[in-house]
$ cat entry25.pdb   # PDB, C-alpha atoms
ATOM      1  CA  LEU A 803     -19.890  10.565  15.426
ATOM      2  CA  LEU A 804     -21.963   8.965  12.759
ATOM      3  CA  GLU A 805     -20.034   8.140   9.591
ATOM      4  CA  LYS A 806     -21.912   7.492   6.413
ATOM      5  CA  SER A 807     -21.409   3.857   5.487
ATOM      6  CA  GLU A 808     -18.748   3.426   2.833
ATOM      7  CA  SER A 809     -18.402   0.352   0.685
ATOM      8  CA  PHE A 810     -15.323  -1.816   0.982
ATOM      9  CA  ALA A 811     -14.375  -1.118  -2.614
ATOM     10  CA  SER A 812     -14.443   2.593  -1.946
ATOM     11  CA  MET A 813     -12.392   2.245   1.205
ATOM     12  CA  LEU A 814      -9.881   0.038  -0.585
ATOM     13  CA  ARG A 815      -9.488   2.527  -3.379
ATOM     14  CA  ARG A 816      -8.451   5.302  -1.011
ATOM     15  CA  SER A 817      -6.577   3.097   1.444
ATOM     16  CA  PRO A 818      -2.908   3.838   2.081
ATOM     17  CA  LEU A 819      -2.023   0.367   0.827
ATOM     18  CA  ILE A 820      -3.328   1.163  -2.642
ATOM     19  CA  GLN A 821      -1.835   4.636  -2.481
ATOM     20  CA  MET A 822       1.519   3.076  -1.844
ATOM     21  CA  GLY A 823       1.485   0.710  -4.800
ATOM     22  CA  PRO A 824       4.430  -1.677  -4.964
ATOM     23  CA  ALA A 825       6.070  -1.845  -1.559
ATOM     24  CA  LYS A 826       9.633  -2.072  -2.768
ATOM     25  CA  ASP A 827      11.745   0.798  -1.403
ATOM     26  CA  LYS A 828       8.825   2.718   0.039
ATOM     27  CA  ILE A 829       9.277   4.416   3.396
ATOM     28  CA  ALA A 830       6.756   3.599   6.112
ATOM     29  CA  VAL A 831       6.391   4.027   9.858
ATOM     30  CA  GLY A 832       5.905   1.075  12.124
ATOM     31  CA  GLN A 833       5.702   0.271  15.785
ATOM     32  CA  ILE A 834       7.669  -2.326  17.699
ATOM     33  CA  PHE A 835       5.288  -4.749  19.343
ATOM     34  CA  HIS A 836       7.652  -7.428  20.542
ATOM     35  CA  VAL A 837      11.300  -7.660  21.405
ATOM     36  CA  VAL A 838      13.382 -10.802  21.700
ATOM     37  CA  GLU A 839      16.874  -9.736  22.767
ATOM     38  CA  ASP A 840      18.201  -8.097  19.599
ATOM     39  CA  ASP A 841      15.266  -8.963  17.338
ATOM     40  CA  LEU A 842      12.631  -6.274  16.951
ATOM     41  CA  TYR A 843       9.186  -7.316  15.716
ATOM     42  CA  ILE A 844       7.735  -4.313  13.939
ATOM     43  CA  ASP A 845       4.175  -3.838  12.762
ATOM     44  CA  PHE A 846       3.743  -1.281   9.998
ATOM     45  CA  GLY A 847       0.148  -1.985   9.125
ATOM     46  CA  GLY A 848       0.805  -4.401   6.297
ATOM     47  CA  LYS A 849      -0.439  -7.951   6.035
ATOM     48  CA  PHE A 850       2.548  -9.164   8.024
ATOM     49  CA  HIS A 851       5.011  -7.712  10.441
ATOM     50  CA  CYS A 852       8.749  -7.557   9.853
ATOM     51  CA  VAL A 853      11.632  -8.518  12.065
ATOM     52  CA  CYS A 854      14.729  -6.327  12.211
ATOM     53  CA  LYS A 855      17.940  -6.388  14.161
ATOM     54  CA  ARG A 856      18.433  -3.823  16.877
ATOM     55  CA  PRO A 857      20.654  -1.075  15.465
ATOM     56  CA  GLU A 858      24.034  -0.238  16.948
ATOM     57  CA  VAL A 859      23.256   3.449  17.376
ATOM     58  CA  ASP A 860      20.709   4.282  20.106
ATOM     59  CA  GLY A 861      20.120   0.598  20.650
ATOM     60  CA  LYS A 862      18.466   1.027  24.027
ATOM     61  CA  LYS A 863      15.788   3.328  22.609
ATOM     62  CA  TYR A 864      14.168   0.514  20.676
ATOM     63  CA  GLN A 865      11.619  -0.974  23.025
ATOM     64  CA  ARG A 866       8.011  -2.126  22.803
ATOM     65  CA  GLY A 867       5.917   0.734  21.509
ATOM     66  CA  THR A 868       8.737   2.626  19.847
ATOM     67  CA  ARG A 869       7.791   4.081  16.496
ATOM     68  CA  VAL A 870      10.366   3.506  13.788
ATOM     69  CA  ARG A 871      10.969   4.305  10.161
ATOM     70  CA  LEU A 872      11.328   1.450   7.720
ATOM     71  CA  ARG A 873      12.221   0.992   4.093
ATOM     72  CA  LEU A 874       9.929  -1.775   2.889
ATOM     73  CA  LEU A 875      11.322  -4.447   0.627
ATOM     74  CA  ASP A 876       8.662  -7.132   0.461
ATOM     75  CA  LEU A 877       5.196  -7.351   1.993
ATOM     76  CA  GLU A 878       5.358 -11.134   2.228
ATOM     77  CA  LEU A 879       8.401 -13.361   1.976
ATOM     78  CA  THR A 880       7.467 -16.292  -0.198
ATOM     79  CA  SER A 881       9.370 -18.819  -2.196
ATOM     80  CA  ARG A 882       8.582 -21.927  -4.167
ATOM     81  CA  PHE A 883      10.500 -25.068  -3.502
ATOM     82  CA  LEU A 884      11.285 -27.649  -6.131
ATOM     83  CA  GLY A 885       8.394 -29.980  -6.676
ATOM     84  CA  ALA A 886       5.937 -27.884  -4.700
ATOM     85  CA  ALA A 887       2.568 -26.983  -6.150
ATOM     86  CA  SER A 888       2.421 -23.549  -4.543
ATOM     87  CA  ASP A 889       4.638 -21.073  -2.754
ATOM     88  CA  THR A 890       5.641 -21.423   0.866
ATOM     89  CA  THR A 891       5.221 -18.280   2.916
ATOM     90  CA  LEU A 892       7.228 -17.168   5.894
ATOM     91  CA  LEU A 893       4.307 -15.131   7.273
ATOM     92  CA  GLU A 894       6.686 -12.239   7.548
ATOM     93  CA  ALA A 895       7.470  -9.063   5.668
ATOM     94  CA  ASP A 896      10.929  -7.763   4.855
ATOM     95  CA  ALA A 897      12.100  -4.243   5.615
ATOM     96  CA  VAL A 898      15.210  -2.281   6.461
ATOM     97  CA  LEU A 899      15.144  -0.403   9.747
ATOM     98  CA  LEU A 900      16.148   3.174   9.079
ATOM     99  CA  GLY A 901      15.830   4.605  12.546
ATOM    100  CA  LEU A 902      13.466   6.174  14.994
ATOM    101  CA  ALA A 903      10.464   8.029  13.641
ATOM    102  CA  GLU A 904      10.670  11.699  14.572
ATOM    103  CA  SER A 905       7.591  12.454  16.573
ATOM    104  CA  LYS A 906       6.165  15.690  15.284
ATOM    105  CA  GLN A 907       2.651  16.973  15.563
ATOM    106  CA  THR A 908       0.831  15.935  12.422
ATOM    107  CA  LYS A 909      -2.723  16.977  11.723
ATOM    108  CA  GLN A 910      -5.214  14.256  10.915
ATOM    109  CA  ASN A 911      -5.801  14.543   7.159
TER
ATOM    110  CA  PRO B 366     -24.282 -46.942  -8.370
ATOM    111  CA  PRO B 367     -23.220 -43.824  -6.443
ATOM    112  CA  LEU B 368     -21.715 -44.670  -3.091
ATOM    113  CA  VAL B 369     -23.094 -42.136  -0.649
ATOM    114  CA  PRO B 370     -26.828 -42.463  -1.488
ATOM    115  CA  ARG B 371     -26.526 -46.249  -1.544
ATOM    116  CA  ARG B 372     -24.934 -46.436   1.886
ATOM    117  CA  THR B 373     -27.331 -43.846   3.259
ATOM    118  CA  ARG B 374     -30.334 -45.751   1.985
ATOM    119  CA  ASN B 375     -29.060 -48.932   3.624
ATOM    120  CA  LEU B 376     -28.514 -47.201   6.925
ATOM    121  CA  VAL B 377     -31.970 -45.680   6.854
ATOM    122  CA  ARG B 378     -33.493 -49.063   6.079
ATOM    123  CA  LEU B 379     -31.651 -50.592   9.027
ATOM    124  CA  GLY B 380     -32.932 -47.828  11.231
ATOM    125  CA  LEU B 381     -29.474 -46.562  12.183
ATOM    126  CA  LEU B 382     -29.943 -43.184  10.539
ATOM    127  CA  GLU B 383     -32.793 -40.744  10.313
ATOM    128  CA  LYS B 384     -33.773 -40.194   6.690
ATOM    129  CA  PRO B 385     -32.036 -37.065   5.414
ATOM    130  CA  LEU B 386     -33.893 -34.522   3.283
ATOM    131  CA  TRP B 387     -31.649 -34.881   0.278
ATOM    132  CA  LEU B 388     -32.162 -38.622  -0.236
ATOM    133  CA  ASP B 389     -35.468 -38.299  -2.070
ATOM    134  CA  VAL B 390     -34.225 -35.286  -3.967
ATOM    135  CA  TYR B 391     -31.164 -37.202  -5.134
ATOM    136  CA  ALA B 392     -33.340 -40.141  -6.214
ATOM    137  CA  ALA B 393     -35.638 -37.867  -8.183
ATOM    138  CA  LEU B 394     -32.964 -35.654  -9.742
ATOM    139  CA  PRO B 395     -29.596 -37.414  -9.813
ATOM    140  CA  PRO B 396     -26.655 -35.274 -10.955
ATOM    141  CA  LEU B 397     -25.109 -35.917 -14.375
ATOM    142  CA  ARG B 398     -21.713 -36.601 -12.844
ATOM    143  CA  GLU B 399     -21.233 -38.296  -9.479
ATOM    144  CA  PRO B 400     -19.945 -35.534  -7.212
ATOM    145  CA  VAL B 401     -16.659 -37.167  -6.248
ATOM    146  CA  TYR B 402     -13.851 -34.711  -5.439
ATOM    147  CA  ARG B 403     -11.173 -34.596  -8.119
ATOM    148  CA  VAL B 404      -7.861 -32.849  -7.497
ATOM    149  CA  PRO B 405      -7.538 -30.055 -10.116
ATOM    150  CA  ARG B 406      -4.815 -30.939 -12.552
ATOM    151  CA  PRO B 407      -2.080 -28.317 -12.906
ATOM    152  CA  ARG B 408      -2.606 -26.666 -16.272
ATOM    153  CA  HIS B 409       0.125 -26.874 -18.853
ATOM    154  CA  GLY B 410       1.346 -24.077 -21.048
ATOM    155  CA  GLY B 411       1.396 -21.538 -18.228
ATOM    156  CA  ALA B 412      -2.373 -21.016 -18.252
ATOM    157  CA  ARG B 413      -3.328 -19.845 -14.796
ATOM    158  CA  ASP B 414      -6.662 -19.165 -13.204
ATOM    159  CA  PRO B 415      -7.471 -15.780 -14.713
ATOM    160  CA  ILE B 416      -7.822 -13.302 -11.843
ATOM    161  CA  ALA B 417      -7.986  -9.750 -13.116
ATOM    162  CA  PRO B 418      -5.512  -7.422 -11.383
ATOM    163  CA  ILE B 419      -7.021  -4.476  -9.550
ATOM    164  CA  PHE B 420      -6.248  -1.320 -11.457
ATOM    165  CA  TYR B 421      -7.658   2.110 -10.961
ATOM    166  CA  ARG B 422      -7.580   5.078 -13.248
ATOM    167  CA  GLU B 423      -5.433   7.035 -10.825
ATOM    168  CA  ASP B 424      -2.775   4.304 -10.881
ATOM    169  CA  SER B 425      -1.260   5.766 -14.011
ATOM    170  CA  VAL B 426      -0.903   9.104 -12.255
ATOM    171  CA  ARG B 427       0.558   7.385  -9.220
ATOM    172  CA  ALA B 428       3.065   5.476 -11.315
ATOM    173  CA  ARG B 429       4.248   8.670 -12.961
ATOM    174  CA  PHE B 430       4.428  10.459  -9.630
ATOM    175  CA  TYR B 431       6.642   7.775  -8.113
ATOM    176  CA  LYS B 432       8.825   7.661 -11.173
ATOM    177  CA  VAL B 433       9.384  11.412 -11.207
ATOM    178  CA  TYR B 434       9.397  12.324  -7.550
ATOM    179  CA  GLY B 435      10.445   9.092  -5.906
ATOM    180  CA  ASN B 436       8.815   8.232  -2.643
ATOM    181  CA  GLY B 437       7.511  11.580  -1.590
ATOM    182  CA  PRO B 438       8.558  13.401   1.559
ATOM    183  CA  ARG B 439       6.222  11.698   3.979
ATOM    184  CA  PRO B 440       6.564   8.070   5.139
ATOM    185  CA  PHE B 441       3.456   5.930   4.749
ATOM    186  CA  ASP B 442       1.317   5.114   7.729
ATOM    187  CA  LEU B 443      -0.589   2.039   6.685
ATOM    188  CA  THR B 444      -2.391   1.679   9.999
ATOM    189  CA  GLN B 445      -4.712   4.616   9.440
ATOM    190  CA  LEU B 446      -7.470   4.351   6.896
ATOM    191  CA  ASN B 447      -7.772   8.096   6.462
ATOM    192  CA  PHE B 448      -4.082   8.552   5.842
ATOM    193  CA  LYS B 449      -3.434  10.676   2.812
ATOM    194  CA  SER B 450       0.029  10.393   1.374
ATOM    195  CA  THR B 451       1.647  13.079  -0.724
ATOM    196  CA  CYS B 452       0.976  10.876  -3.710
ATOM    197  CA  GLN B 453      -2.710  10.790  -2.904
ATOM    198  CA  ARG B 454      -2.892  14.554  -2.666
ATOM    199  CA  PHE B 455      -1.165  14.746  -5.987
ATOM    200  CA  VAL B 456      -3.680  12.392  -7.524
ATOM    201  CA  GLU B 457      -6.631  14.312  -6.106
ATOM    202  CA  LYS B 458      -5.248  17.635  -7.252
ATOM    203  CA  TYR B 459      -4.587  16.113 -10.650
ATOM    204  CA  ASN B 460      -8.167  14.895 -10.951
ATOM    205  CA  GLU B 461      -9.422  18.248  -9.756
ATOM    206  CA  LEU B 462      -7.490  20.120 -12.387
ATOM    207  CA  LYS B 463      -8.452  17.579 -15.001
ATOM    208  CA  GLU B 464     -12.134  18.064 -14.263
ATOM    209  CA  GLU B 465     -11.820  21.816 -14.463
ATOM    210  CA  GLY B 466     -10.662  21.247 -17.994
ATOM    211  CA  LYS B 467      -8.739  24.502 -18.299
ATOM    212  CA  ILE B 468      -5.311  22.886 -18.597
ATOM    213  CA  GLU B 469      -4.306  20.655 -21.451
ATOM    214  CA  GLU B 470      -3.334  17.011 -20.933
ATOM    215  CA  GLU B 471       0.432  17.318 -21.272
ATOM    216  CA  LYS B 472       0.663  20.222 -18.862
ATOM    217  CA  LEU B 473      -1.544  18.648 -16.196
ATOM    218  CA  PHE B 474       1.293  16.835 -14.455
ATOM    219  CA  GLU B 475       3.444  19.930 -14.131
ATOM    220  CA  GLU B 476       0.563  22.118 -13.111
ATOM    221  CA  THR B 477      -0.370  19.709 -10.355
ATOM    222  CA  GLY B 478       3.175  19.879  -9.061
ATOM    223  CA  LYS B 479       3.008  23.664  -8.991
ATOM    224  CA  ALA B 480      -0.371  23.666  -7.320
ATOM    225  CA  LEU B 481       0.903  21.386  -4.589
ATOM    226  CA  LEU B 482       3.890  23.657  -4.142
ATOM    227  CA  ALA B 483       1.501  26.502  -3.513
ATOM    228  CA  SER B 484      -0.095  24.528  -0.726
ATOM    229  CA  GLY B 485       3.308  24.110   0.807
ATOM    230  CA  ILE B 486       4.162  20.564  -0.212
ATOM    231  CA  LEU B 487       7.689  20.367  -1.459
ATOM    232  CA  LEU B 488       8.404  17.733  -4.088
ATOM    233  CA  GLN B 489      11.930  16.692  -4.890
ATOM    234  CA  ARG B 490      12.586  15.375  -8.324
ATOM    235  CA  ARG B 491      14.462  12.124  -8.400
ATOM    236  CA  GLY B 492      18.069  12.733  -9.412
ATOM    237  CA  VAL B 493      20.532  10.373 -11.049
ATOM    238  CA  ASP B 494      21.850   9.317  -7.660
ATOM    239  CA  LYS B 495      18.781   7.327  -6.652
ATOM    240  CA  VAL B 496      20.216   5.547  -3.600
ATOM    241  CA  ALA B 497      21.362   8.658  -1.779
ATOM    242  CA  GLN B 498      18.107  10.474  -2.424
ATOM    243  CA  GLN B 499      15.918   7.658  -1.222
ATOM    244  CA  GLU B 500      17.876   7.114   1.977
ATOM    245  CA  GLN B 501      17.899  10.752   3.027
ATOM    246  CA  GLN B 502      14.603  12.359   2.264
ATOM    247  CA  GLY B 503      14.919  15.885   1.087
ATOM    248  CA  ALA B 504      18.684  15.819   0.812
ATOM    249  CA  GLY B 505      20.503  16.309  -2.439
ATOM    250  CA  SER B 506      21.201  19.364  -4.512
ATOM    251  CA  ARG B 507      18.573  21.168  -6.475
ATOM    252  CA  ASP B 508      19.680  22.533  -9.767
ATOM    253  CA  PRO B 509      19.515  26.339  -9.876
ATOM    254  CA  ALA B 510      16.920  26.443 -12.638
ATOM    255  CA  LEU B 511      14.479  24.382 -10.599
ATOM    256  CA  GLN B 512      15.256  26.468  -7.536
ATOM    257  CA  LEU B 513      14.495  29.659  -9.407
ATOM    258  CA  GLN B 514      11.285  28.235 -10.801
ATOM    259  CA  LEU B 515      10.209  27.129  -7.336
ATOM    260  CA  GLN B 516      10.851  30.549  -5.901
ATOM    261  CA  MET B 517       8.939  32.244  -8.678
ATOM    262  CA  VAL B 518       5.957  29.980  -8.312
ATOM    263  CA  LEU B 519       5.972  30.391  -4.559
ATOM    264  CA  GLU B 520       5.971  34.167  -4.819
ATOM    265  CA  GLU B 521       3.315  34.104  -7.495
ATOM    266  CA  LEU B 522       0.880  31.947  -5.649
ATOM    267  CA  GLN B 523       1.500  33.242  -2.151
ATOM    268  CA  GLU B 524      -1.812  35.173  -2.089
ATOM    269  CA  LYS B 525      -3.893  32.329  -3.369
ATOM    270  CA  ARG B 526      -3.028  30.104  -0.435
ATOM    271  CA  LYS B 527      -5.444  27.195  -0.227
ATOM    272  CA  ASP B 528      -6.958  26.746   3.257
ATOM    273  CA  GLY B 529      -6.031  23.922   5.542
ATOM    274  CA  LYS B 530      -4.390  21.814   2.895
ATOM    275  CA  GLU B 531      -0.999  21.003   4.347
ATOM    276  CA  GLN B 532       0.914  21.969   7.436
ATOM    277  CA  PRO B 533       4.026  24.170   7.084
ATOM    278  CA  PRO B 534       6.323  21.667   8.888
ATOM    279  CA  GLU B 535       6.452  19.740   5.614
ATOM    280  CA  LEU B 536       8.115  22.671   3.911
ATOM    281  CA  ALA B 537      10.118  23.657   6.960
ATOM    282  CA  GLY B 538      11.394  20.129   7.418
ATOM    283  CA  ALA B 539      12.585  19.876   3.856
ATOM    284  CA  GLN B 540      14.256  23.229   4.002
ATOM    285  CA  LYS B 541      15.999  22.419   7.268
ATOM    286  CA  GLU B 542      17.788  19.424   5.796
ATOM    287  CA  ASN B 543      18.482  21.351   2.664
ATOM    288  CA  PRO B 544      20.386  24.609   3.053
ATOM    289  CA  CYS B 545      19.353  26.896   0.221
ATOM    290  CA  PRO B 546      22.108  27.268  -2.331
ATOM    291  CA  SER B 547      21.554  30.999  -2.491
TER
END
$ encode --input "entry25.pdb" --output "structure tokens"
Amino acid sequence: LLEKSESFASMLRRSPLIQMGPAKDKIAVGQIFHVVEDDLYIDFGGKFHCVCKRPEVDGKKYQRGTRVRLRLLDLELTSRFLGAASDTTLLEADAVLLGLAESKQTKQN
Amino acid sequence: PPLVPRRTRNLVRLGLLEKPLWLDVYAALPPLREPVYRVPRPRHGGARDPIAPIFYREDSVRARFYKVYGNGPRPFDLTQLNFKSTCQRFVEKYNELKEEGKIEEEKLFEETGKALLASGILLQRRGVDKVAQQEQQGAGSRDPALQLQLQMVLEELQEKRKDGKEQPPELAGAQKENPCPS
């Protein structure tokens, strides 16, 4: 399958990140890639992953590889401390875990 | 005299260092200012390094789409490059209709909504109760006027179904969560 070479600018313009715009309150799907007891590390394709608490309902279903639905709040948690020249980043995104992603057959668009 | 060339010249003379290429060049063409690293002073008055934000023409359409319709029925999948969100379809349809030139500017937004409806993509307008609508996609009551309009448009454009645009589950899913008021 030979794809015609596309410039980065072109790919960026049609990328889902640009389509999304500001991340606040947008719904996205992610996948759990690491579990530490009740902390779920979820990768949704953004610059950073997010860490969410295991929900009460259907708690056991959330394992490595589970696809989940998230409401994104912040793509990167940063803050500036007093006297600092630049922000300090947590290398983490912030999202609310909504639940499991319903697996339905979706055509590749 | 500048530190680095001076020391280098001494070392070369002592035989401890092989003569680097730049030494003669520096002697022939010395820089106006000795290239010592200076920490950039933080600028006062809020003047930052001017980096232009990345804006595209379709961003205005996107902004309006999100304002009117909220998130859109489908969650974003950022991992796939070829992912096309509902918003993106809207934008493409908008540009398509704009290029055709048959519809006037003010009507373009509405017409795009109708055209998408014909392809089976259901768009929910954002109501006053923002929180409830965003949490449960597709839930919330449709006002009867909108419902009627939707039905009319659907019937109208049923023949002119576009091929392969969007799968029916989109419509079916929205209708499942949303028992029709009639």
$ resolve_selection --input "entry25.pdb" --expression "the PyMOL selection byres ((chain A and resi 837) around 12)" --output "number ranges by chain"
A: 833-836, 838-845, 852-856, 862-868
$ write_last_selection --input "entry25.pdb" --atoms "C-alpha atoms" --output "PDB file, keeping the file's coordinate frame"
ATOM      1  CA  GLN A 833       5.702   0.271  15.785  1.00  0.00           C
ATOM      2  CA  ILE A 834       7.669  -2.326  17.699  1.00  0.00           C
ATOM      3  CA  PHE A 835       5.288  -4.749  19.343  1.00  0.00           C
ATOM      4  CA  HIS A 836       7.652  -7.428  20.542  1.00  0.00           C
ATOM      5  CA  VAL A 838      13.382 -10.802  21.700  1.00  0.00           C
ATOM      6  CA  GLU A 839      16.874  -9.736  22.767  1.00  0.00           C
ATOM      7  CA  ASP A 840      18.201  -8.097  19.599  1.00  0.00           C
ATOM      8  CA  ASP A 841      15.266  -8.963  17.338  1.00  0.00           C
ATOM      9  CA  LEU A 842      12.631  -6.274  16.951  1.00  0.00           C
ATOM     10  CA  TYR A 843       9.186  -7.316  15.716  1.00  0.00           C
ATOM     11  CA  ILE A 844       7.735  -4.313  13.939  1.00  0.00           C
ATOM     12  CA  ASP A 845       4.175  -3.838  12.762  1.00  0.00           C
ATOM     13  CA  CYS A 852       8.749  -7.557   9.853  1.00  0.00           C
ATOM     14  CA  VAL A 853      11.632  -8.518  12.065  1.00  0.00           C
ATOM     15  CA  CYS A 854      14.729  -6.327  12.211  1.00  0.00           C
ATOM     16  CA  LYS A 855      17.940  -6.388  14.161  1.00  0.00           C
ATOM     17  CA  ARG A 856      18.433  -3.823  16.877  1.00  0.00           C
ATOM     18  CA  LYS A 862      18.466   1.027  24.027  1.00  0.00           C
ATOM     19  CA  LYS A 863      15.788   3.328  22.609  1.00  0.00           C
ATOM     20  CA  TYR A 864      14.168   0.514  20.676  1.00  0.00           C
ATOM     21  CA  GLN A 865      11.619  -0.974  23.025  1.00  0.00           C
ATOM     22  CA  ARG A 866       8.011  -2.126  22.803  1.00  0.00           C
ATOM     23  CA  GLY A 867       5.917   0.734  21.509  1.00  0.00           C
ATOM     24  CA  THR A 868       8.737   2.626  19.847  1.00  0.00           C
TER      25      THR A 868
END
$ resolve_selection --input "entry25.pdb" --expression "the ChimeraX specification (/A :<8) & /B" --output "list of chain:residue names"
B:Tyr421, B:Arg427, B:Asn436, B:Arg439, B:Pro440, B:Phe441, B:Asp442, B:Leu443, B:Thr444, B:Gln445, B:Leu446, B:Asn447, B:Phe448, B:Lys449, B:Ser450, B:Cys452, B:Gln453, B:Gln532
$ atom_distance --input "entry25.pdb" --atom1 "CA of Ser881 in chain A" --atom2 "CA of Glu894 in chain A"
12.1 Å
$ atom_distance --input "entry25.pdb" --atom1 "CA of Val426 in chain B" --atom2 "CA of Asp414 in chain B"
28.9 Å
$ residues_around --input "entry25.pdb" --residues "range 399-401 of chain B" --least-positions-apart "2" --cutoff "12 Å" --atoms "only C-alpha atoms" --output "VMD selection string"
chain B and resid 366 to 370 391 395 to 397 403 to 404
$ write_last_selection --input "entry25.pdb" --atoms "C-alpha atoms" --output "PDB file, in the frame of the given file"
ATOM      1  CA  PRO B 366     -24.282 -46.942  -8.370  1.00  0.00           C
ATOM      2  CA  PRO B 367     -23.220 -43.824  -6.443  1.00  0.00           C
ATOM      3  CA  LEU B 368     -21.715 -44.670  -3.091  1.00  0.00           C
ATOM      4  CA  VAL B 369     -23.094 -42.136  -0.649  1.00  0.00           C
ATOM      5  CA  PRO B 370     -26.828 -42.463  -1.488  1.00  0.00           C
ATOM      6  CA  TYR B 391     -31.164 -37.202  -5.134  1.00  0.00           C
ATOM      7  CA  PRO B 395     -29.596 -37.414  -9.813  1.00  0.00           C
ATOM      8  CA  PRO B 396     -26.655 -35.274 -10.955  1.00  0.00           C
ATOM      9  CA  LEU B 397     -25.109 -35.917 -14.375  1.00  0.00           C
ATOM     10  CA  ARG B 403     -11.173 -34.596  -8.119  1.00  0.00           C
ATOM     11  CA  VAL B 404      -7.861 -32.849  -7.497  1.00  0.00           C
TER      12      VAL B 404
END
$ axis_aligned_box --input "entry25.pdb" --around "range 369-388 of chain B" --padding-each-side "4 Å" --output "AutoDock Vina command-line options"
--center_x -28.5 --center_y -42.6 --center_z 5.3 --size_x 18.8 --size_y 24.1 --size_z 21.7
$ atom_distance --input "entry25.pdb" --atom1 "CA of Leu899 in chain A" --atom2 "CA of Glu878 in chain A"
16.4 Å
$ resolve_selection --input "entry25.pdb" --expression "the PyMOL selection byres ((chain A and resi 879) around 10)" --output "JSON, numbers by chain"
{"A": [850, 852, 875, 876, 877, 878, 880, 881, 889, 890, 891, 892, 893, 894, 895, 896]}
$ closest_residue --input "entry25.pdb" --among "B:Val518, B:Ile468, B:Ile416, B:Leu462" --to "Ser484 in chain B" --atoms "all atoms listed in the file"
B:Val518
$ closest_residue --input "entry25.pdb" --among "A:Lys806, A:Lys849, A:Arg882, A:Arg869" --to "Ala825 in chain A" --atoms "only C-alpha atoms"
A:Lys849
$ decode --input "entry25.pdb" --residues "range 367-415 of chain B" --atoms "C-alpha atoms" --output "CSV table (one decimal), in the first residue's frame"
chain,number,residue,atom,x,y,z
B,367,PRO,CA,39.2,36.7,23.8
B,368,LEU,CA,39.7,33.7,26.1
B,369,VAL,CA,39.1,30.7,24.0
B,370,PRO,CA,41.4,31.5,21.0
B,371,ARG,CA,44.1,32.7,23.3
B,372,ARG,CA,44.1,29.5,25.3
B,373,THR,CA,43.8,27.4,22.2
B,374,ARG,CA,46.8,29.2,20.6
B,375,ASN,CA,48.9,28.5,23.7
B,376,LEU,CA,48.0,24.9,23.7
B,377,VAL,CA,48.8,24.5,20.0
B,378,ARG,CA,52.2,26.2,20.6
B,379,LEU,CA,53.0,23.8,23.4
B,380,GLY,CA,52.1,20.9,21.2
B,381,LEU,CA,49.3,19.6,23.5
B,382,LEU,CA,46.5,20.2,20.9
B,383,GLU,CA,46.3,19.7,17.2
B,384,LYS,CA,45.6,23.0,15.5
B,385,PRO,CA,41.8,23.4,14.9
B,386,LEU,CA,40.4,24.6,11.6
B,387,TRP,CA,38.7,27.6,13.2
B,388,LEU,CA,41.8,29.2,14.7
B,389,ASP,CA,43.0,30.9,11.6
B,390,VAL,CA,39.5,31.8,10.6
B,391,TYR,CA,38.9,33.5,13.9
B,392,ALA,CA,42.2,35.4,13.6
B,393,ALA,CA,41.4,36.6,10.1
B,394,LEU,CA,37.7,37.4,10.8
B,395,PRO,CA,37.1,38.0,14.5
B,396,PRO,CA,33.5,38.5,15.5
B,397,LEU,CA,32.3,42.0,16.5
B,398,ARG,CA,31.2,40.7,19.9
B,399,GLU,CA,33.0,38.0,21.8
B,400,PRO,CA,30.6,35.0,21.7
B,401,VAL,CA,30.2,34.6,25.5
B,402,TYR,CA,26.8,33.1,26.5
B,403,ARG,CA,24.6,35.7,28.2
B,404,VAL,CA,21.4,34.6,30.0
B,405,PRO,CA,18.4,36.3,28.3
B,406,ARG,CA,17.0,38.9,30.6
B,407,PRO,CA,13.3,38.5,31.3
B,408,ARG,CA,11.5,41.2,29.3
B,409,HIS,CA,9.5,43.7,31.2
B,410,GLY,CA,6.1,45.0,30.3
B,411,GLY,CA,4.7,41.6,29.4
B,412,ALA,CA,6.5,41.4,26.0
B,413,ARG,CA,7.0,37.8,25.2
B,414,ASP,CA,8.7,36.1,22.4
B,415,PRO,CA,6.2,36.5,19.6
